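One file, target-v2.cif, carrying mmCIF, C-alpha atoms (C1' of nucleotides):
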data_start
#
loop_
_atom_site.label_atom_id
_atom_site.label_comp_id
_atom_site.auth_asym_id
_atom_site.auth_seq_id
_atom_site.Cartn_x
_atom_site.Cartn_y
_atom_site.Cartn_z
CA MET A 1 51.69 30.46 -127.50
CA VAL A 2 50.68 27.07 -126.27
CA GLU A 3 47.05 26.13 -126.31
CA THR A 4 45.83 24.87 -122.97
CA ARG A 5 43.28 22.14 -122.54
CA ARG A 6 40.64 24.62 -121.45
CA GLN A 7 41.22 26.75 -124.52
CA GLN A 8 40.74 23.74 -126.75
CA GLN A 9 37.47 22.94 -125.01
CA LEU A 10 36.45 26.55 -125.39
CA ASP A 11 37.16 26.52 -129.13
CA GLU A 12 35.23 23.30 -129.49
CA VAL A 13 32.18 24.39 -127.56
CA ALA A 14 32.15 27.82 -129.16
CA SER A 15 32.38 26.32 -132.64
CA ALA A 16 29.38 24.14 -131.97
CA LEU A 17 27.32 27.04 -130.67
CA PHE A 18 28.43 29.52 -133.31
CA ARG A 19 27.55 27.00 -135.95
CA GLU A 20 24.08 26.19 -134.72
CA ARG A 21 22.93 29.60 -133.47
CA GLY A 22 25.26 31.97 -135.28
CA TYR A 23 27.93 34.17 -133.73
CA ALA A 24 25.78 37.24 -133.14
CA ALA A 25 22.99 35.22 -131.55
CA THR A 26 25.29 33.32 -129.20
CA SER A 27 26.04 35.02 -125.89
CA VAL A 28 29.20 34.68 -123.89
CA ARG A 29 27.12 33.34 -121.02
CA GLU A 30 25.70 30.57 -123.21
CA ILE A 31 29.19 29.44 -124.14
CA ALA A 32 30.18 29.52 -120.49
CA ARG A 33 27.16 27.50 -119.42
CA ALA A 34 28.11 24.77 -121.90
CA LEU A 35 31.40 24.52 -120.02
CA ASP A 36 29.77 24.74 -116.57
CA LEU A 37 31.32 28.13 -115.99
CA GLN A 38 30.16 31.64 -115.27
CA GLY A 39 30.28 34.11 -118.13
CA ALA A 40 32.98 36.17 -116.54
CA SER A 41 35.21 33.14 -116.09
CA LEU A 42 35.68 32.79 -119.82
CA TYR A 43 37.85 35.87 -119.81
CA THR A 44 40.57 33.87 -118.10
CA HIS A 45 40.93 31.97 -121.37
CA MET A 46 40.09 34.51 -124.04
CA ALA A 47 40.56 38.22 -124.60
CA SER A 48 37.17 38.90 -126.12
CA LYS A 49 34.28 37.21 -127.87
CA GLU A 50 35.58 38.34 -131.22
CA ASP A 51 39.03 36.96 -130.47
CA LEU A 52 37.40 33.63 -129.79
CA LEU A 53 35.75 33.68 -133.20
CA TRP A 54 39.01 34.78 -134.73
CA SER A 55 40.95 31.86 -133.30
CA ILE A 56 38.48 29.44 -134.88
CA VAL A 57 38.31 31.19 -138.23
CA TRP A 58 42.04 31.66 -138.46
CA ARG A 59 42.88 28.05 -137.86
CA VAL A 60 40.56 26.83 -140.62
CA ALA A 61 41.77 29.49 -143.01
CA GLU A 62 45.34 28.37 -142.46
CA ARG A 63 44.35 24.81 -143.11
CA PHE A 64 42.86 25.66 -146.48
CA ARG A 65 45.82 27.82 -147.37
CA THR A 66 48.49 25.31 -146.51
CA THR A 67 46.83 22.12 -147.75
CA VAL A 68 44.83 23.19 -150.81
CA GLU A 69 46.49 26.22 -152.35
CA PRO A 70 49.88 24.54 -153.03
CA LEU A 71 48.13 21.91 -155.14
CA ALA A 72 47.19 24.57 -157.67
CA GLU A 73 50.81 24.98 -158.68
CA GLY A 74 51.84 21.40 -158.27
CA PRO A 75 52.80 19.08 -161.12
CA GLY A 76 50.29 17.33 -163.34
CA THR A 77 47.58 18.31 -165.77
CA PRO A 78 44.95 20.89 -164.90
CA GLU A 79 42.49 18.04 -164.53
CA ALA A 80 44.70 16.21 -162.06
CA ARG A 81 45.41 19.36 -160.11
CA LEU A 82 41.74 20.29 -159.95
CA ARG A 83 40.88 16.79 -158.73
CA ALA A 84 43.53 17.08 -156.05
CA MET A 85 42.25 20.46 -154.94
CA ILE A 86 38.70 19.18 -154.74
CA GLY A 87 39.88 16.22 -152.70
CA ALA A 88 41.78 18.37 -150.24
CA HIS A 89 38.96 20.88 -149.94
CA VAL A 90 36.41 18.16 -149.31
CA ALA A 91 38.68 16.58 -146.73
CA ILE A 92 38.43 19.77 -144.70
CA VAL A 93 34.74 20.61 -145.09
CA ALA A 94 33.72 17.00 -144.51
CA GLY A 95 36.31 16.20 -141.89
CA GLU A 96 35.88 19.28 -139.76
CA ARG A 97 32.28 20.19 -140.45
CA GLU A 98 31.83 22.25 -137.32
CA HIS A 99 34.89 24.45 -137.64
CA ALA A 100 34.52 24.72 -141.40
CA ALA A 101 30.94 25.87 -141.12
CA VAL A 102 31.93 28.59 -138.67
CA PHE A 103 34.76 29.64 -140.95
CA LEU A 104 32.49 29.78 -143.98
CA HIS A 105 29.55 31.64 -142.47
CA GLU A 106 30.65 33.60 -139.43
CA TRP A 107 33.81 35.35 -140.57
CA ARG A 108 31.77 38.37 -141.57
CA PHE A 109 31.17 39.14 -137.91
CA LEU A 110 34.83 39.86 -137.39
CA GLY A 111 35.96 43.44 -136.97
CA PRO A 112 36.71 45.49 -140.10
CA GLU A 113 40.42 44.71 -140.40
CA ARG A 114 40.16 41.01 -139.79
CA LYS A 115 37.11 40.81 -142.02
CA ALA A 116 39.00 42.51 -144.83
CA GLU A 117 41.89 40.14 -144.36
CA MET A 118 39.64 37.12 -144.66
CA ALA A 119 37.89 38.56 -147.69
CA ALA A 120 41.23 39.03 -149.40
CA ARG A 121 42.22 35.49 -148.53
CA ARG A 122 39.00 34.13 -149.89
CA ASP A 123 39.51 35.99 -153.15
CA ALA A 124 43.04 34.62 -153.41
CA TYR A 125 41.78 31.11 -152.70
CA GLU A 126 39.10 31.39 -155.33
CA ALA A 127 41.70 32.68 -157.77
CA ARG A 128 43.69 29.46 -157.39
CA PHE A 129 40.74 27.45 -158.59
CA ARG A 130 40.03 29.91 -161.35
CA GLU A 131 43.60 29.71 -162.59
CA VAL A 132 43.65 25.94 -162.79
CA ILE A 133 40.32 25.95 -164.59
CA ALA A 134 41.50 28.64 -166.99
CA ALA A 135 44.67 26.66 -167.66
CA GLY A 136 42.58 23.64 -168.57
CA MET A 137 40.49 25.73 -170.94
CA ARG A 138 43.61 27.12 -172.54
CA ASP A 139 45.20 23.77 -173.25
CA GLY A 140 41.98 22.26 -174.54
CA THR A 141 41.36 19.84 -171.70
CA PHE A 142 38.33 21.79 -170.56
CA ARG A 143 35.51 23.10 -172.65
CA ASN A 144 35.76 26.84 -173.14
CA GLY A 145 33.56 28.84 -170.80
CA HIS A 146 33.56 31.25 -167.92
CA ALA A 147 36.38 30.20 -165.62
CA ALA A 148 35.37 32.65 -162.89
CA ILE A 149 31.78 31.44 -162.77
CA THR A 150 32.88 27.82 -162.89
CA ALA A 151 35.21 28.34 -159.97
CA ARG A 152 32.51 30.01 -157.92
CA ALA A 153 29.99 27.33 -158.81
CA LEU A 154 32.41 24.63 -157.76
CA LEU A 155 33.36 26.28 -154.50
CA SER A 156 29.78 27.11 -153.56
CA SER A 157 28.96 23.50 -154.16
CA LEU A 158 31.77 22.18 -152.00
CA ASN A 159 31.08 24.71 -149.26
CA GLY A 160 27.53 23.46 -148.99
CA ILE A 161 28.82 20.11 -147.75
CA PRO A 162 29.02 20.98 -144.03
CA ALA A 163 25.32 21.81 -144.11
CA TRP A 164 24.22 18.26 -144.81
CA TYR A 165 27.15 15.82 -144.68
CA ARG A 166 27.14 13.28 -141.88
CA PRO A 167 30.36 11.38 -141.19
CA ASP A 168 28.40 8.28 -140.26
CA GLY A 169 26.59 8.27 -143.60
CA PRO A 170 27.23 5.87 -146.48
CA LEU A 171 29.94 8.00 -148.11
CA GLY A 172 33.41 8.71 -146.82
CA PRO A 173 35.16 11.98 -147.66
CA GLY A 174 37.14 10.32 -150.42
CA GLU A 175 34.10 8.97 -152.23
CA LEU A 176 32.37 12.27 -151.72
CA ALA A 177 35.25 14.12 -153.32
CA ASP A 178 35.19 11.71 -156.27
CA ALA A 179 31.47 12.23 -156.73
CA TYR A 180 31.95 16.00 -156.87
CA ALA A 181 34.98 15.80 -159.15
CA ASN A 182 33.21 13.49 -161.57
CA LEU A 183 30.11 15.63 -161.57
CA PHE A 184 31.96 18.81 -162.38
CA LEU A 185 34.37 17.25 -164.82
CA SER A 186 32.12 14.87 -166.74
CA GLY A 187 28.69 16.34 -166.11
CA LEU A 188 25.41 14.66 -165.61
CA LEU A 189 24.69 13.59 -169.17
CA ALA A 190 25.57 10.02 -170.14
CA ASP A 191 27.92 9.48 -173.07
CA ARG A 192 26.15 9.14 -176.37
CA MET B 1 -4.11 42.29 -146.10
CA VAL B 2 -3.00 45.11 -148.30
CA GLU B 3 0.62 46.15 -148.23
CA THR B 4 1.06 49.87 -147.73
CA ARG B 5 3.83 51.92 -149.28
CA ARG B 6 5.58 52.24 -145.94
CA GLN B 7 5.50 48.49 -145.42
CA GLN B 8 7.12 47.94 -148.79
CA GLN B 9 9.86 50.41 -147.92
CA LEU B 10 10.28 48.65 -144.60
CA ASP B 11 10.66 45.26 -146.29
CA GLU B 12 13.16 46.72 -148.71
CA VAL B 13 15.31 48.45 -146.13
CA ALA B 14 15.17 45.52 -143.73
CA SER B 15 16.19 43.10 -146.47
CA ALA B 16 19.22 45.19 -147.30
CA LEU B 17 20.30 45.39 -143.67
CA PHE B 18 19.54 41.77 -142.83
CA ARG B 19 21.57 40.75 -145.86
CA GLU B 20 24.63 42.78 -145.08
CA ARG B 21 24.76 42.54 -141.29
CA GLY B 22 22.65 39.49 -140.57
CA TYR B 23 19.31 39.40 -138.78
CA ALA B 24 20.62 38.93 -135.26
CA ALA B 25 23.17 41.70 -135.61
CA THR B 26 20.69 44.21 -137.02
CA SER B 27 18.77 46.24 -134.45
CA VAL B 28 15.28 47.61 -134.85
CA ARG B 29 16.69 51.08 -134.32
CA GLU B 30 19.13 50.64 -137.21
CA ILE B 31 16.30 49.73 -139.55
CA ALA B 32 14.34 52.73 -138.34
CA ARG B 33 17.23 55.11 -138.87
CA ALA B 34 17.52 53.97 -142.50
CA LEU B 35 13.93 55.16 -142.89
CA ASP B 36 14.49 58.37 -140.92
CA LEU B 37 12.27 57.12 -138.13
CA GLN B 38 12.59 56.38 -134.46
CA GLY B 39 12.84 52.74 -133.47
CA ALA B 40 9.49 52.70 -131.74
CA SER B 41 7.76 54.08 -134.82
CA LEU B 42 8.38 50.89 -136.75
CA TYR B 43 5.78 49.16 -134.62
CA THR B 44 3.10 51.10 -136.48
CA HIS B 45 3.99 49.01 -139.52
CA MET B 46 5.07 45.68 -138.11
CA ALA B 47 4.13 43.45 -135.21
CA SER B 48 7.64 42.38 -134.23
CA LYS B 49 11.14 42.10 -135.60
CA GLU B 50 10.63 38.41 -136.28
CA ASP B 51 7.42 39.09 -138.17
CA LEU B 52 9.37 41.45 -140.37
CA LEU B 53 11.87 38.72 -141.19
CA TRP B 54 9.02 36.32 -141.74
CA SER B 55 7.31 38.54 -144.29
CA ILE B 56 10.51 38.68 -146.34
CA VAL B 57 11.29 34.99 -146.06
CA TRP B 58 7.74 33.93 -146.77
CA ARG B 59 7.44 35.93 -149.95
CA VAL B 60 10.60 34.46 -151.45
CA ALA B 61 9.65 30.96 -150.39
CA GLU B 62 6.33 31.33 -152.15
CA ARG B 63 8.07 32.53 -155.24
CA PHE B 64 10.27 29.45 -155.39
CA ARG B 65 7.35 27.20 -154.69
CA THR B 66 5.02 28.61 -157.32
CA THR B 67 7.51 29.24 -160.13
CA VAL B 68 10.05 26.43 -159.83
CA GLU B 69 8.38 23.43 -158.25
CA PRO B 70 5.68 23.00 -160.93
CA LEU B 71 8.37 22.64 -163.57
CA ALA B 72 9.50 19.39 -161.97
CA GLU B 73 6.29 17.71 -163.03
CA GLY B 74 5.84 19.50 -166.31
CA PRO B 75 6.15 17.86 -169.72
CA GLY B 76 9.44 17.14 -171.41
CA THR B 77 12.50 15.05 -170.76
CA PRO B 78 14.28 15.12 -167.41
CA GLU B 79 17.01 17.13 -169.08
CA ALA B 80 14.56 19.75 -170.35
CA ARG B 81 12.79 19.92 -167.01
CA LEU B 82 16.05 20.30 -165.10
CA ARG B 83 17.14 23.08 -167.43
CA ALA B 84 13.83 24.84 -166.88
CA MET B 85 14.12 24.51 -163.11
CA ILE B 86 17.66 25.88 -163.16
CA GLY B 87 16.48 28.78 -165.30
CA ALA B 88 13.62 29.64 -162.97
CA HIS B 89 15.76 29.27 -159.87
CA VAL B 90 18.48 31.49 -161.28
CA ALA B 91 15.89 34.07 -162.28
CA ILE B 92 14.99 34.45 -158.62
CA VAL B 93 18.44 34.37 -157.01
CA ALA B 94 19.88 36.68 -159.66
CA GLY B 95 16.82 38.89 -160.06
CA GLU B 96 16.11 39.43 -156.39
CA ARG B 97 19.53 39.02 -154.87
CA GLU B 98 18.73 40.92 -151.72
CA HIS B 99 15.55 39.12 -150.76
CA ALA B 100 16.89 35.77 -151.90
CA ALA B 101 20.01 36.13 -149.77
CA VAL B 102 17.90 36.89 -146.70
CA PHE B 103 15.68 33.91 -147.47
CA LEU B 104 18.65 31.60 -147.91
CA HIS B 105 20.67 32.60 -144.86
CA GLU B 106 18.43 34.19 -142.26
CA TRP B 107 15.45 31.85 -142.06
CA ARG B 108 17.12 29.98 -139.24
CA PHE B 109 16.54 32.95 -136.95
CA LEU B 110 12.78 32.44 -137.15
CA GLY B 111 10.96 31.02 -134.17
CA PRO B 112 10.78 27.23 -133.82
CA GLU B 113 7.49 26.66 -135.66
CA ARG B 114 8.24 28.90 -138.60
CA LYS B 115 11.77 27.56 -138.78
CA ALA B 116 10.47 24.01 -138.90
CA GLU B 117 8.02 24.98 -141.62
CA MET B 118 10.77 26.47 -143.75
CA ALA B 119 13.02 23.47 -143.17
CA ALA B 120 10.26 21.17 -144.38
CA ARG B 121 9.71 23.36 -147.42
CA ARG B 122 13.38 23.35 -148.24
CA ASP B 123 13.46 19.56 -148.04
CA ALA B 124 10.46 19.33 -150.33
CA TYR B 125 12.05 21.74 -152.77
CA GLU B 126 15.28 19.80 -152.82
CA ALA B 127 13.29 16.62 -153.37
CA ARG B 128 11.87 18.05 -156.62
CA PHE B 129 15.35 18.43 -158.01
CA ARG B 130 16.36 15.02 -156.74
CA GLU B 131 13.35 13.40 -158.40
CA VAL B 132 14.04 14.91 -161.79
CA ILE B 133 17.68 13.92 -161.57
CA ALA B 134 16.75 10.40 -160.48
CA ALA B 135 14.30 10.14 -163.36
CA GLY B 136 17.06 11.07 -165.78
CA MET B 137 19.32 8.43 -164.31
CA ARG B 138 16.58 5.86 -164.58
CA ASP B 139 15.88 6.46 -168.25
CA GLY B 140 19.54 6.56 -169.19
CA THR B 141 19.77 10.25 -170.01
CA PHE B 142 21.95 10.91 -167.01
CA ARG B 143 24.96 8.98 -165.91
CA ASN B 144 24.20 6.83 -162.87
CA GLY B 145 25.27 8.37 -159.60
CA HIS B 146 24.07 9.82 -156.35
CA ALA B 147 20.94 11.80 -157.15
CA ALA B 148 20.72 13.27 -153.65
CA ILE B 149 24.26 14.54 -153.66
CA THR B 150 23.91 15.86 -157.17
CA ALA B 151 20.78 17.78 -156.23
CA ARG B 152 22.48 19.29 -153.21
CA ALA B 153 25.57 20.17 -155.20
CA LEU B 154 23.47 21.88 -157.83
CA LEU B 155 21.37 23.83 -155.36
CA SER B 156 24.34 24.90 -153.25
CA SER B 157 25.92 26.13 -156.43
CA LEU B 158 22.89 28.14 -157.51
CA ASN B 159 22.33 29.51 -154.04
CA GLY B 160 25.82 30.93 -154.03
CA ILE B 161 24.87 33.30 -156.82
CA PRO B 162 23.47 36.12 -154.64
CA ALA B 163 26.84 36.33 -152.92
CA TRP B 164 28.70 37.51 -156.00
CA TYR B 165 26.34 38.21 -158.90
CA ARG B 166 26.03 41.82 -160.02
CA PRO B 167 23.13 42.70 -162.30
CA ASP B 168 25.26 45.26 -164.12
CA GLY B 169 27.90 42.66 -164.93
CA PRO B 170 28.54 41.10 -168.33
CA LEU B 171 26.04 38.25 -167.89
CA GLY B 172 22.27 38.45 -167.74
CA PRO B 173 20.30 35.94 -165.67
CA GLY B 174 19.48 33.92 -168.79
CA GLU B 175 23.09 33.49 -169.82
CA LEU B 176 24.00 32.74 -166.25
CA ALA B 177 21.41 29.99 -166.07
CA ASP B 178 22.71 28.51 -169.33
CA ALA B 179 26.25 28.52 -168.01
CA TYR B 180 25.18 26.62 -164.90
CA ALA B 181 22.99 24.19 -166.81
CA ASN B 182 25.75 23.42 -169.30
CA LEU B 183 28.30 23.00 -166.56
CA PHE B 184 26.21 20.52 -164.60
CA LEU B 185 24.90 18.65 -167.63
CA SER B 186 27.99 18.45 -169.83
CA GLY B 187 30.78 18.96 -167.32
CA LEU B 188 34.03 20.72 -167.68
CA LEU B 189 35.91 18.21 -169.83
CA ALA B 190 35.97 18.80 -173.55
CA ASP B 191 34.65 16.03 -175.80
CA ARG B 192 37.29 13.53 -176.82
"C1'" DC C 1 -13.35 64.94 -135.63
"C1'" DC C 2 -11.10 60.82 -136.88
"C1'" DT C 3 -7.48 58.00 -138.05
"C1'" DA C 4 -2.87 57.07 -139.38
"C1'" DT C 5 1.59 58.18 -138.34
"C1'" DC C 6 5.31 59.44 -135.58
"C1'" DC C 7 7.18 61.13 -131.39
"C1'" DT C 8 9.47 60.90 -126.48
"C1'" DA C 9 10.00 58.23 -122.59
"C1'" DA C 10 10.50 54.35 -120.46
"C1'" DC C 11 10.19 49.29 -119.44
"C1'" DG C 12 12.67 44.96 -118.10
"C1'" DA C 13 15.99 42.04 -120.08
"C1'" DT C 14 20.28 40.94 -121.73
"C1'" DC C 15 24.55 42.14 -123.81
"C1'" DG C 16 30.05 42.04 -123.47
"C1'" DT C 17 33.10 43.14 -120.17
"C1'" DT C 18 35.53 44.63 -115.67
"C1'" DC C 19 36.22 44.33 -110.87
"C1'" DG C 20 37.74 42.61 -106.45
"C1'" DT C 21 37.90 38.45 -104.24
"C1'" DT C 22 38.41 33.56 -103.03
"C1'" DC C 23 40.15 29.09 -103.43
"C1'" DG C 24 43.47 25.41 -104.18
"C1'" DG C 25 47.58 23.66 -105.62
"C1'" DA C 26 52.70 24.26 -107.09
"C1'" DG C 27 57.26 25.46 -105.62
"C1'" DG C 28 60.92 27.10 -102.85
"C1'" DA C 29 62.94 28.04 -98.13
"C1'" DA C 30 63.37 26.59 -93.48
"C1'" DT D 1 58.08 17.86 -93.45
"C1'" DT D 2 56.30 22.40 -92.65
"C1'" DC D 3 55.58 26.95 -93.77
"C1'" DC D 4 55.04 30.77 -96.97
"C1'" DT D 5 54.37 32.70 -101.19
"C1'" DC D 6 52.58 32.99 -105.57
"C1'" DC D 7 49.54 32.21 -109.41
"C1'" DG D 8 45.98 30.41 -112.39
"C1'" DA D 9 41.18 29.63 -112.31
"C1'" DA D 10 36.78 30.65 -111.12
"C1'" DC D 11 33.33 33.31 -108.62
"C1'" DG D 12 29.43 36.87 -107.69
"C1'" DA D 13 28.43 41.54 -108.43
"C1'" DA D 14 28.17 45.16 -111.07
"C1'" DC D 15 29.21 48.38 -115.10
"C1'" DG D 16 27.25 51.10 -119.00
"C1'" DA D 17 25.22 50.08 -123.26
"C1'" DT D 18 21.88 48.30 -126.03
"C1'" DC D 19 18.20 45.16 -126.98
"C1'" DG D 20 12.96 44.51 -128.47
"C1'" DT D 21 8.91 46.40 -127.12
"C1'" DT D 22 5.02 49.23 -124.90
"C1'" DA D 23 2.50 53.39 -123.43
"C1'" DG D 24 0.67 57.74 -124.10
"C1'" DG D 25 0.64 62.03 -126.32
"C1'" DA D 26 1.45 65.23 -130.38
"C1'" DT D 27 0.50 66.26 -135.20
"C1'" DA D 28 -1.45 66.41 -139.51
"C1'" DG D 29 -4.46 65.16 -143.74
"C1'" DG D 30 -9.10 63.78 -145.24
#

As structure tokens, the full file:
Amino acid sequence: MVETRRQQQLDEVASALFRERGYAATSVREIARALDLQGASLYTHMASKEDLLWSIVWRVAERFRTTVEPLAEGPGTPEARLRAMIGAHVAIVAGEREHAAVFLHEWRFLGPERKAEMAARRDAYEARFREVIAAGMRDGTFRNGHAAITARALLSSLNGIPAWYRPDGPLGPGELADAYANLFLSGLLADR
Amino acid sequence: MVETRRQQQLDEVASALFRERGYAATSVREIARALDLQGASLYTHMASKEDLLWSIVWRVAERFRTTVEPLAEGPGTPEARLRAMIGAHVAIVAGEREHAAVFLHEWRFLGPERKAEMAARRDAYEARFREVIAAGMRDGTFRNGHAAITARALLSSLNGIPAWYRPDGPLGPGELADAYANLFLSGLLADR
DNA sequence: CCTATCCTAACGATCGTTCGTTCGGAGGAA
DNA sequence: TTCCTCCGAACGAACGATCGTTAGGATAGG
């Protein structure tokens, strides 16, 4: 299943529109007009509007799964692994803001089966973070606390990045990841 | 402008539907059916679908503005003020999950003027957090860092709460707020 | 009787999608 | 080279469904 040039353009344009107007509020004809096409012509390149959303969501989901999840079971201390996971996660949400934002907010408009699949994946992804955090609490590296809440707090935080990050701003993705890792690991309070 | 019983029911039912399906994907007739009414009958109680969204969004926005923002300029150290703001913010997002979720995610479907108004409000709200954080960095309480990013990280974190928090779970809003405050202030790492 | 509430019917617009067709270029046969 | 065929890409028109909303009439409680 090769991806033609037109299909790439379609994914790109659709991502931009889905992100800024939302999937449900974006019509097929709007997407077509952004490509200087008629609405009906899109169906040469896609099977349905939902399939178009799916192709975007799926690709980002795969990226998270293949680049972030393995780090949870890699070598190193829980602290090092968590830092690595934060770095990889930030690289995606900051590096592909558009697609990531669609993945994060529009997957709930998928049909029931696909939606359930993504929900399960999200739970599994969250569990990876929770496990590393729990491991750190167990071995004394991390302060004891609620690993589940901490994981959700961290991920919510990171997933907010596409909403405001600008690649031409003062911070690159690497520095951004460090800022988040330091914040969550060391906290805001200065040493006494 | 008194609010009749029916209008309260309407707000309630619409909030639930807007939250779970999204504003754009929820039809007037669906809202009506949840109230055992015909679609057209809703227009006895509301002026338009957007006005219905607006009434929900506006109420929550006012709640944030009147209960959280004043704490930024209250007495006490930056640390104490930030803790108070987190507590008040969590009280809303955990105590009124449904309305808060609509406020947080659906305001972008408002018309241009109202949308711009809410965007400005959100920026002002965020600025309150940023100011308190910056004050703490200035007086040495907080580690030096990016106050803007920290504020956004904190707020993204707190605003994720409606997505998973269950009022019948093990944690009350107060304990939840403490967990978040401790996490952001002290960090995950145990003292050495 | 009045007023609030809800109804049925219908409006024009727009939705996602299908249809039959046209156009232009690629590729093989002569 | 010339002809013929085929195919992907795009078109305009139209489908049935649904959208938000309006109009006008029925019903019922004070």

Applied to the shown file, which residues does the PyMOL selection byres ((chain D and resi 24) around 12) return, written as an MDAnalysis selection string? (chainID C and resid 7:10) or (chainID D and resid 22:23 25:26)

Report as an MDAnalysis selection string the full result of the PyMOL selection byres ((chain C and resi 2) around 12) when it is applied to this structure. (chainID C and resid 1 3:4) or (chainID D and resid 28:30)

I need the chosen residues saved as a compact mmCIF listing (two decimals), in the frame of the given file, with C-alpha atoms (C1' of nucleotides).
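Contents of out_35.txt, as written:
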# COMPACT_ATOMS: atom_id res chain seq x y z
C1' DC C 1 -13.35 64.94 -135.63
C1' DT C 3 -7.48 58.00 -138.05
C1' DA C 4 -2.87 57.07 -139.38
C1' DA D 28 -1.45 66.41 -139.51
C1' DG D 29 -4.46 65.16 -143.74
C1' DG D 30 -9.10 63.78 -145.24

Could you list the residues chosen by the PyMOL selection byres ((chain A and resi 96) around 12) in this structure as an mmCIF file with C-alpha atoms, keeping the file's coordinate frame?
data_model
loop_
_atom_site.group_PDB
_atom_site.id
_atom_site.type_symbol
_atom_site.label_atom_id
_atom_site.label_comp_id
_atom_site.auth_asym_id
_atom_site.auth_seq_id
_atom_site.Cartn_x
_atom_site.Cartn_y
_atom_site.Cartn_z
ATOM 1 C CA GLU A 12 35.230 23.300 -129.490
ATOM 2 C CA SER A 15 32.380 26.320 -132.640
ATOM 3 C CA ALA A 16 29.380 24.140 -131.970
ATOM 4 C CA ARG A 19 27.550 27.000 -135.950
ATOM 5 C CA ILE A 56 38.480 29.440 -134.880
ATOM 6 C CA ARG A 59 42.880 28.050 -137.860
ATOM 7 C CA VAL A 60 40.560 26.830 -140.620
ATOM 8 C CA ARG A 63 44.350 24.810 -143.110
ATOM 9 C CA PHE A 64 42.860 25.660 -146.480
ATOM 10 C CA HIS A 89 38.960 20.880 -149.940
ATOM 11 C CA VAL A 90 36.410 18.160 -149.310
ATOM 12 C CA ALA A 91 38.680 16.580 -146.730
ATOM 13 C CA ILE A 92 38.430 19.770 -144.700
ATOM 14 C CA VAL A 93 34.740 20.610 -145.090
ATOM 15 C CA ALA A 94 33.720 17.000 -144.510
ATOM 16 C CA GLY A 95 36.310 16.200 -141.890
ATOM 17 C CA ARG A 97 32.280 20.190 -140.450
ATOM 18 C CA GLU A 98 31.830 22.250 -137.320
ATOM 19 C CA HIS A 99 34.890 24.450 -137.640
ATOM 20 C CA ALA A 100 34.520 24.720 -141.400
ATOM 21 C CA ALA A 101 30.940 25.870 -141.120
ATOM 22 C CA VAL A 102 31.930 28.590 -138.670
ATOM 23 C CA PHE A 103 34.760 29.640 -140.950
ATOM 24 C CA LEU A 104 32.490 29.780 -143.980
ATOM 25 C CA ASN A 159 31.080 24.710 -149.260
ATOM 26 C CA ILE A 161 28.820 20.110 -147.750
ATOM 27 C CA PRO A 162 29.020 20.980 -144.030
ATOM 28 C CA ALA A 163 25.320 21.810 -144.110
ATOM 29 C CA TYR A 165 27.150 15.820 -144.680
ATOM 30 C CA ARG A 166 27.140 13.280 -141.880
ATOM 31 C CA PRO A 167 30.360 11.380 -141.190
ATOM 32 C CA PRO A 173 35.160 11.980 -147.660
#

Give the padded box for stretch 71-90 of chain A as lines of an AutoDock Vina configuration file: axis-aligned, covering all atoms listed in the file, 8 Å on each side, centre and edge lengths in Å to one decimal.
center_x = 44.6
center_y = 20.6
center_z = -157.5
size_x = 32.4
size_y = 24.8
size_z = 32.5

Could you list, as a CSV table (one decimal) with C-alpha atoms, in the coordinates of the input, the residues of chain B having an atom within 9 Å of chain D when counting all atoms listed in the file?
chain,number,residue,atom,x,y,z
B,27,SER,CA,18.8,46.2,-134.4
B,28,VAL,CA,15.3,47.6,-134.8
B,40,ALA,CA,9.5,52.7,-131.7
B,43,TYR,CA,5.8,49.2,-134.6
B,48,SER,CA,7.6,42.4,-134.2
B,49,LYS,CA,11.1,42.1,-135.6

Can you fill out stretch 77-84 of chain A with N, CA and C atoms and hand it back as a PDB file, keeping the file's coordinate frame?
ATOM      1  N   THR A  77      48.495  17.581-164.888  1.00  0.00           N
ATOM      2  CA  THR A  77      47.580  18.310-165.770  1.00  0.00           C
ATOM      3  C   THR A  77      46.607  19.141-164.962  1.00  0.00           C
ATOM      4  N   PRO A  78      45.998  20.128-165.594  1.00  0.00           N
ATOM      5  CA  PRO A  78      44.950  20.890-164.900  1.00  0.00           C
ATOM      6  C   PRO A  78      43.878  19.983-164.321  1.00  0.00           C
ATOM      7  N   GLU A  79      43.510  18.954-165.045  1.00  0.00           N
ATOM      8  CA  GLU A  79      42.490  18.040-164.530  1.00  0.00           C
ATOM      9  C   GLU A  79      42.950  17.374-163.246  1.00  0.00           C
ATOM     10  N   ALA A  80      44.180  16.880-163.247  1.00  0.00           N
ATOM     11  CA  ALA A  80      44.700  16.210-162.060  1.00  0.00           C
ATOM     12  C   ALA A  80      44.815  17.172-160.891  1.00  0.00           C
ATOM     13  N   ARG A  81      45.270  18.385-161.188  1.00  0.00           N
ATOM     14  CA  ARG A  81      45.410  19.360-160.110  1.00  0.00           C
ATOM     15  C   ARG A  81      44.041  19.741-159.541  1.00  0.00           C
ATOM     16  N   LEU A  82      43.070  19.918-160.435  1.00  0.00           N
ATOM     17  CA  LEU A  82      41.740  20.290-159.950  1.00  0.00           C
ATOM     18  C   LEU A  82      41.151  19.165-159.086  1.00  0.00           C
ATOM     19  N   ARG A  83      41.359  17.929-159.528  1.00  0.00           N
ATOM     20  CA  ARG A  83      40.880  16.790-158.730  1.00  0.00           C
ATOM     21  C   ARG A  83      41.530  16.791-157.348  1.00  0.00           C
ATOM     22  N   ALA A  84      42.807  17.064-157.329  1.00  0.00           N
ATOM     23  CA  ALA A  84      43.530  17.080-156.050  1.00  0.00           C
ATOM     24  C   ALA A  84      42.998  18.187-155.144  1.00  0.00           C
TER      25      ALA A  84
END
